[in-house]
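Participant: This is the structure I have questions about; it appears just below.
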Amino acid sequence: MDIGYKNNSYKIVDQLIQEREIKLLHSQLLKIGNNLDTALKFHDLDDMWNHFKLNDRRGGASIYNGFKYLPSISIIANSSRMKSSLKKICGINNPALIDINCRIDSSGEEKYLFDWHQDYWFSLSSRNAVVVWIPISGLEPSKGGLDIIPVDSDHVKIYKTKPGNKYDSYADAVLLEQEIPYDEAKKINHMDIGSALFFSFSSLHKSLPITSHDKSRFTVQLRFADFDDSEFISNQYRPGQVTKESTGFF
């Protein structure tokens with residue numbers, strides 16, 4: 001395990017994803033938008049999303065739904081570079097891809113952002129599982145990012161929570177019910193295209209709002225557990241589930 005990851009439970013890996021893989025992902029996502037509105041020809045992700053956000057929110061929901069099914073994401077998730085990074089950085093020897101999620105976060109849609117949380121609440125599986133967070137257009141302060149609290153991997157804990165009382169998205173299903181060391185938080189708000197942030201399921205983190213009015217944050221989240229991990233084995237290799245009606249964590 002990488003010493004930086006062990007000490008902090010997160011690490012940015014530069015140039016993990018090849019330029020051609022990013023270009024393929026962009027083109028496949030644009031193709032979804034062009035299928036949904038054949039009168040326009042989109043060449044830029046922000047232009048596409050701004051159009052649907054302002055003029056066709058139902059079509060925007062379809063883009064959101066289709067995003068995580070793009071074949072290019074599976075190529076990235078199963079690349080030899082991803083597997084070697086998971087092993088070298090996080091100590092995952094036998095990776096299980098338990099979830100693919102994608103987000104498009106924009107100014108004016110702050111109600112969908114995540115407050116402080118641990119991914120373990122939503123995906124369970126194992127405290128040692130890992131999120132690979134990929135801003136596919138890079139990250140700059142105007143696109144927000146994440147606040148994350150470093151923690152040594154030998155001293156992780158699962159914080160006290162309570163069920164949410166509303167449901168704009170699954171971000172509302174579980175809420176923190178414990179004081180946390182806010183002053184230790186580190187801001188992740190700059191990453192080059194092709195870089196990825198690796199962080200533990202037990203890392204406390206939250207979304208930062210977008211201040212740009214014309215650029216959005218397009219991210220892919222790959223969640224990996226280890227088939228050899230005893231906690232994942234005891235959970236019968238089953239990740240958690242969150243619906244409007246129930247949450248596996250509770």
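In the structure tokens, chains take the letters A, B, ... in the order shown, each chain's residues start at 1, and ligands count up from 1 in the order shown.
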Hey, what's within 7 Å of A:Arg103 if we count only C-alpha atoms and toss same-chain stuff fewer than 4 positions away? As a PyMOL selection string, please?

Facilitator: chain A and resi 218-220

Participant: Using backbone DSSP assignments, extract all strand (DSSP E) residues from stretch 87-219 of chain A; output them as a PyMOL selection string.

Facilitator: chain A and resi 95-105+130-135+145-148+161-163+174-176+186-188+196-200+205-208+217-219

Participant: Given the choices A:Lys111, A:His155, A:Arg81, A:Arg57, which gets closest to A:Gln15 if the distance is worked out from only C-alpha atoms?

Facilitator: A:Arg81

Participant: I need the residue nearest A:Ser195 from this list: A:Pro163, A:Pro95, A:Gly138, A:Gly145. Use only C-alpha atoms for the distance.

Facilitator: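 Closest to A:Ser195 of all the choices is A:Gly138.
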
Participant: Pick out the residues sitting within 8 Å of stretch 168-183 of chain A, and hand them over as JSON, numbers by chain; count only C-alpha atoms, and ignore anything fewer than 6 positions along from it in its own chain.

Facilitator: {"A": [111, 112, 113, 114, 115, 116, 117, 121, 122, 149, 159, 160, 161, 162, 242, 243, 244, 247]}

Participant: How would the residues just chosen look if you wrote them out with C-alpha atoms as a CSV table (one decimal), in the first residue's frame?

Facilitator:
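This is the output file selection_33.csv:
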chain,number,residue,atom,x,y,z
A,111,LYS,CA,-29.8,20.4,-3.6
A,112,TYR,CA,-28.3,17.4,-5.3
A,113,LEU,CA,-24.8,17.8,-3.7
A,114,PHE,CA,-23.6,15.5,-1.0
A,115,ASP,CA,-23.0,16.9,2.5
A,116,TRP,CA,-20.4,15.2,4.8
A,117,HIS,CA,-20.6,11.4,4.3
A,121,TRP,CA,-23.0,4.2,4.2
A,122,PHE,CA,-24.3,3.7,0.7
A,149,ILE,CA,-10.7,14.7,5.9
A,159,TYR,CA,-19.5,7.7,12.1
A,160,LYS,CA,-22.9,7.9,13.7
A,161,THR,CA,-25.7,8.6,11.3
A,162,LYS,CA,-29.5,9.0,11.1
A,242,VAL,CA,-30.2,2.7,-1.5
A,243,THR,CA,-33.8,3.4,-2.8
A,244,LYS,CA,-36.4,6.0,-1.9
A,247,THR,CA,-31.4,1.9,2.7

Participant: Can you pull out every residue within 8 Å of A:Ser142, counting only C-alpha atoms, but drop anything in the same chain fewer than 2 positions away, and send it as a ChimeraX atom specification?

Facilitator: /A:140,144,210-212

Participant: Would you kindly return, as a list in words, each protein, DNA or RNA residue with an atom no farther than 12 Å from any atom of A:Lys215, considering only C-alpha atoms and excluding same-chain residues fewer than 2 positions away?

Facilitator: Asp44, Leu45, Asp46, Asp47, Met48, Trp49, Asn50, His51, Lys53, Ile104, Asp105, Ser106, Ser107, Gly108, Ser137, Gly138, Leu139, Glu140, Pro141, Ser142, Lys143, Gly144, Pro209, Ile210, Thr211, Ser212, His213, Arg217 and Phe218 of chain A

Participant: Suppose we keep N, CA and C atoms; can you now write the selection as a PDB file, in the first residue's frame?

Facilitator:
ATOM      1  N   ASP A  44     -19.418  19.995 -27.499  1.00  0.00           N
ATOM      2  CA  ASP A  44     -18.840  20.351 -26.204  1.00  0.00           C
ATOM      3  C   ASP A  44     -19.783  19.901 -25.092  1.00  0.00           C
ATOM      4  N   LEU A  45     -19.243  19.251 -24.057  1.00  0.00           N
ATOM      5  CA  LEU A  45     -20.092  18.710 -22.998  1.00  0.00           C
ATOM      6  C   LEU A  45     -20.844  19.799 -22.249  1.00  0.00           C
ATOM      7  N   ASP A  46     -20.180  20.916 -21.958  1.00  0.00           N
ATOM      8  CA  ASP A  46     -20.855  21.994 -21.229  1.00  0.00           C
ATOM      9  C   ASP A  46     -21.974  22.610 -22.057  1.00  0.00           C
ATOM     10  N   ASP A  47     -21.732  22.814 -23.350  1.00  0.00           N
ATOM     11  CA  ASP A  47     -22.787  23.350 -24.219  1.00  0.00           C
ATOM     12  C   ASP A  47     -23.982  22.403 -24.244  1.00  0.00           C
ATOM     13  N   MET A  48     -23.696  21.118 -24.334  1.00  0.00           N
ATOM     14  CA  MET A  48     -24.777  20.125 -24.373  1.00  0.00           C
ATOM     15  C   MET A  48     -25.582  20.163 -23.078  1.00  0.00           C
ATOM     16  N   TRP A  49     -24.896  20.117 -21.940  1.00  0.00           N
ATOM     17  CA  TRP A  49     -25.608  20.045 -20.671  1.00  0.00           C
ATOM     18  C   TRP A  49     -26.380  21.334 -20.391  1.00  0.00           C
ATOM     19  N   ASN A  50     -25.799  22.486 -20.718  1.00  0.00           N
ATOM     20  CA  ASN A  50     -26.500  23.745 -20.499  1.00  0.00           C
ATOM     21  C   ASN A  50     -27.793  23.799 -21.307  1.00  0.00           C
ATOM     22  N   HIS A  51     -27.748  23.273 -22.524  1.00  0.00           N
ATOM     23  CA  HIS A  51     -28.957  23.246 -23.358  1.00  0.00           C
ATOM     24  C   HIS A  51     -30.055  22.417 -22.696  1.00  0.00           C
ATOM     25  N   LYS A  53     -30.271  21.347 -19.545  1.00  0.00           N
ATOM     26  CA  LYS A  53     -30.631  21.835 -18.211  1.00  0.00           C
ATOM     27  C   LYS A  53     -31.651  22.966 -18.302  1.00  0.00           C
ATOM     28  N   ILE A 104     -23.318  14.817 -12.879  1.00  0.00           N
ATOM     29  CA  ILE A 104     -23.159  16.088 -13.578  1.00  0.00           C
ATOM     30  C   ILE A 104     -23.652  17.153 -12.611  1.00  0.00           C
ATOM     31  N   ASP A 105     -22.736  17.896 -12.024  1.00  0.00           N
ATOM     32  CA  ASP A 105     -23.075  18.898 -11.015  1.00  0.00           C
ATOM     33  C   ASP A 105     -22.935  20.289 -11.602  1.00  0.00           C
ATOM     34  N   SER A 106     -23.979  21.108 -11.406  1.00  0.00           N
ATOM     35  CA  SER A 106     -24.043  22.432 -12.030  1.00  0.00           C
ATOM     36  C   SER A 106     -24.488  23.489 -11.045  1.00  0.00           C
ATOM     37  N   SER A 107     -24.173  24.722 -11.366  1.00  0.00           N
ATOM     38  CA  SER A 107     -24.670  25.852 -10.597  1.00  0.00           C
ATOM     39  C   SER A 107     -26.194  25.878 -10.647  1.00  0.00           C
ATOM     40  N   GLY A 108     -26.814  26.138  -9.504  1.00  0.00           N
ATOM     41  CA  GLY A 108     -28.270  26.179  -9.439  1.00  0.00           C
ATOM     42  C   GLY A 108     -28.901  24.858  -9.059  1.00  0.00           C
ATOM     43  N   SER A 137     -13.470  16.149 -17.373  1.00  0.00           N
ATOM     44  CA  SER A 137     -13.045  17.385 -18.044  1.00  0.00           C
ATOM     45  C   SER A 137     -12.038  18.147 -17.198  1.00  0.00           C
ATOM     46  N   GLY A 138     -11.414  17.452 -16.259  1.00  0.00           N
ATOM     47  CA  GLY A 138     -10.505  18.109 -15.342  1.00  0.00           C
ATOM     48  C   GLY A 138     -11.269  18.858 -14.257  1.00  0.00           C
ATOM     49  N   LEU A 139     -10.527  19.438 -13.335  1.00  0.00           N
ATOM     50  CA  LEU A 139     -11.152  20.110 -12.198  1.00  0.00           C
ATOM     51  C   LEU A 139     -10.404  21.404 -11.906  1.00  0.00           C
ATOM     52  N   GLU A 140     -11.176  22.458 -11.691  1.00  0.00           N
ATOM     53  CA  GLU A 140     -10.645  23.768 -11.310  1.00  0.00           C
ATOM     54  C   GLU A 140     -11.574  24.336 -10.253  1.00  0.00           C
ATOM     55  N   PRO A 141     -11.133  25.332  -9.482  1.00  0.00           N
ATOM     56  CA  PRO A 141     -11.942  25.821  -8.357  1.00  0.00           C
ATOM     57  C   PRO A 141     -13.371  26.217  -8.728  1.00  0.00           C
ATOM     58  N   SER A 142     -13.583  26.773  -9.924  1.00  0.00           N
ATOM     59  CA  SER A 142     -14.936  27.190 -10.300  1.00  0.00           C
ATOM     60  C   SER A 142     -15.876  26.009 -10.512  1.00  0.00           C
ATOM     61  N   LYS A 143     -15.316  24.806 -10.650  1.00  0.00           N
ATOM     62  CA  LYS A 143     -16.131  23.597 -10.786  1.00  0.00           C
ATOM     63  C   LYS A 143     -16.276  22.861  -9.454  1.00  0.00           C
ATOM     64  N   GLY A 144     -15.925  23.533  -8.369  1.00  0.00           N
ATOM     65  CA  GLY A 144     -16.062  22.921  -7.052  1.00  0.00           C
ATOM     66  C   GLY A 144     -15.017  21.843  -6.834  1.00  0.00           C
ATOM     67  N   PRO A 209     -19.763  23.203  -4.079  1.00  0.00           N
ATOM     68  CA  PRO A 209     -20.646  23.746  -5.122  1.00  0.00           C
ATOM     69  C   PRO A 209     -19.870  24.325  -6.294  1.00  0.00           C
ATOM     70  N   ILE A 210     -20.542  24.380  -7.426  1.00  0.00           N
ATOM     71  CA  ILE A 210     -19.973  24.953  -8.651  1.00  0.00           C
ATOM     72  C   ILE A 210     -20.312  26.440  -8.673  1.00  0.00           C
ATOM     73  N   THR A 211     -19.294  27.270  -8.880  1.00  0.00           N
ATOM     74  CA  THR A 211     -19.531  28.710  -8.960  1.00  0.00           C
ATOM     75  C   THR A 211     -19.611  29.196 -10.405  1.00  0.00           C
ATOM     76  N   SER A 212     -19.087  28.416 -11.343  1.00  0.00           N
ATOM     77  CA  SER A 212     -19.176  28.784 -12.756  1.00  0.00           C
ATOM     78  C   SER A 212     -20.622  28.677 -13.223  1.00  0.00           C
ATOM     79  N   HIS A 213     -21.052  29.618 -14.061  1.00  0.00           N
ATOM     80  CA  HIS A 213     -22.420  29.590 -14.575  1.00  0.00           C
ATOM     81  C   HIS A 213     -22.527  28.878 -15.923  1.00  0.00           C
ATOM     82  N   ARG A 217     -19.424  20.107 -13.563  1.00  0.00           N
ATOM     83  CA  ARG A 217     -18.466  19.083 -13.141  1.00  0.00           C
ATOM     84  C   ARG A 217     -19.007  17.710 -13.550  1.00  0.00           C
ATOM     85  N   PHE A 218     -18.356  17.121 -14.544  1.00  0.00           N
ATOM     86  CA  PHE A 218     -18.717  15.788 -15.025  1.00  0.00           C
ATOM     87  C   PHE A 218     -17.764  14.785 -14.380  1.00  0.00           C
TER      88      PHE A 218
END

Participant: Excluding same-chain residues fewer than 6 positions from A:Lys186, what lies within 9 Å of it counting only C-alpha atoms, as an NGL selection string?

Facilitator: :A and (146-150)

Participant: Once you have the residues from the selection above, write them out as an mmCIF file, in the first residue's frame, restricted to C-alpha atoms.

Facilitator:
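Listed below is the output, part14.cif:
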data_model
loop_
_atom_site.group_PDB
_atom_site.id
_atom_site.type_symbol
_atom_site.label_atom_id
_atom_site.label_comp_id
_atom_site.auth_asym_id
_atom_site.auth_seq_id
_atom_site.Cartn_x
_atom_site.Cartn_y
_atom_site.Cartn_z
ATOM 1 C CA LEU A 146 -14.411 17.798 -2.739
ATOM 2 C CA ASP A 147 -13.518 18.521 0.857
ATOM 3 C CA ILE A 148 -11.977 15.415 2.429
ATOM 4 C CA ILE A 149 -10.708 14.675 5.938
ATOM 5 C CA PRO A 150 -7.444 12.691 6.030
#

Participant: Smallest atom-to-atom distance to A:Gln18: which of A:Ile193, A:Gly59, A:Lys157, A:Gln236, using only C-alpha atoms?

Facilitator: A:Ile193

Participant: Could you pull the residues within 12 Å of A:Ser200, counting only C-alpha atoms, minus those fewer than 5 positions along the same chain, as number ranges by chain?

Facilitator: A: 5-11, 86, 89-92, 117-120, 123-133, 148-154, 156-158, 205, 222-225

Participant: Considering only C-alpha atoms, state which residue in the set A:Arg20, A:Lys87, A:Lys166, A:Lys68 is at the smallest distance from A:Ile100.

Facilitator: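 Of A:Arg20, A:Lys87, A:Lys166, A:Lys68, the one nearest A:Ile100, counting only C-alpha atoms, is A:Lys68.
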
Participant: Of the candidates A:Asn94, A:Asn165, A:Ser27, A:Ser216, which shows the shortest atom-to-atom distance to A:Phe232, using only C-alpha atoms?

Facilitator: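 The shortest atom-to-atom distance to A:Phe232 comes from A:Asn94.
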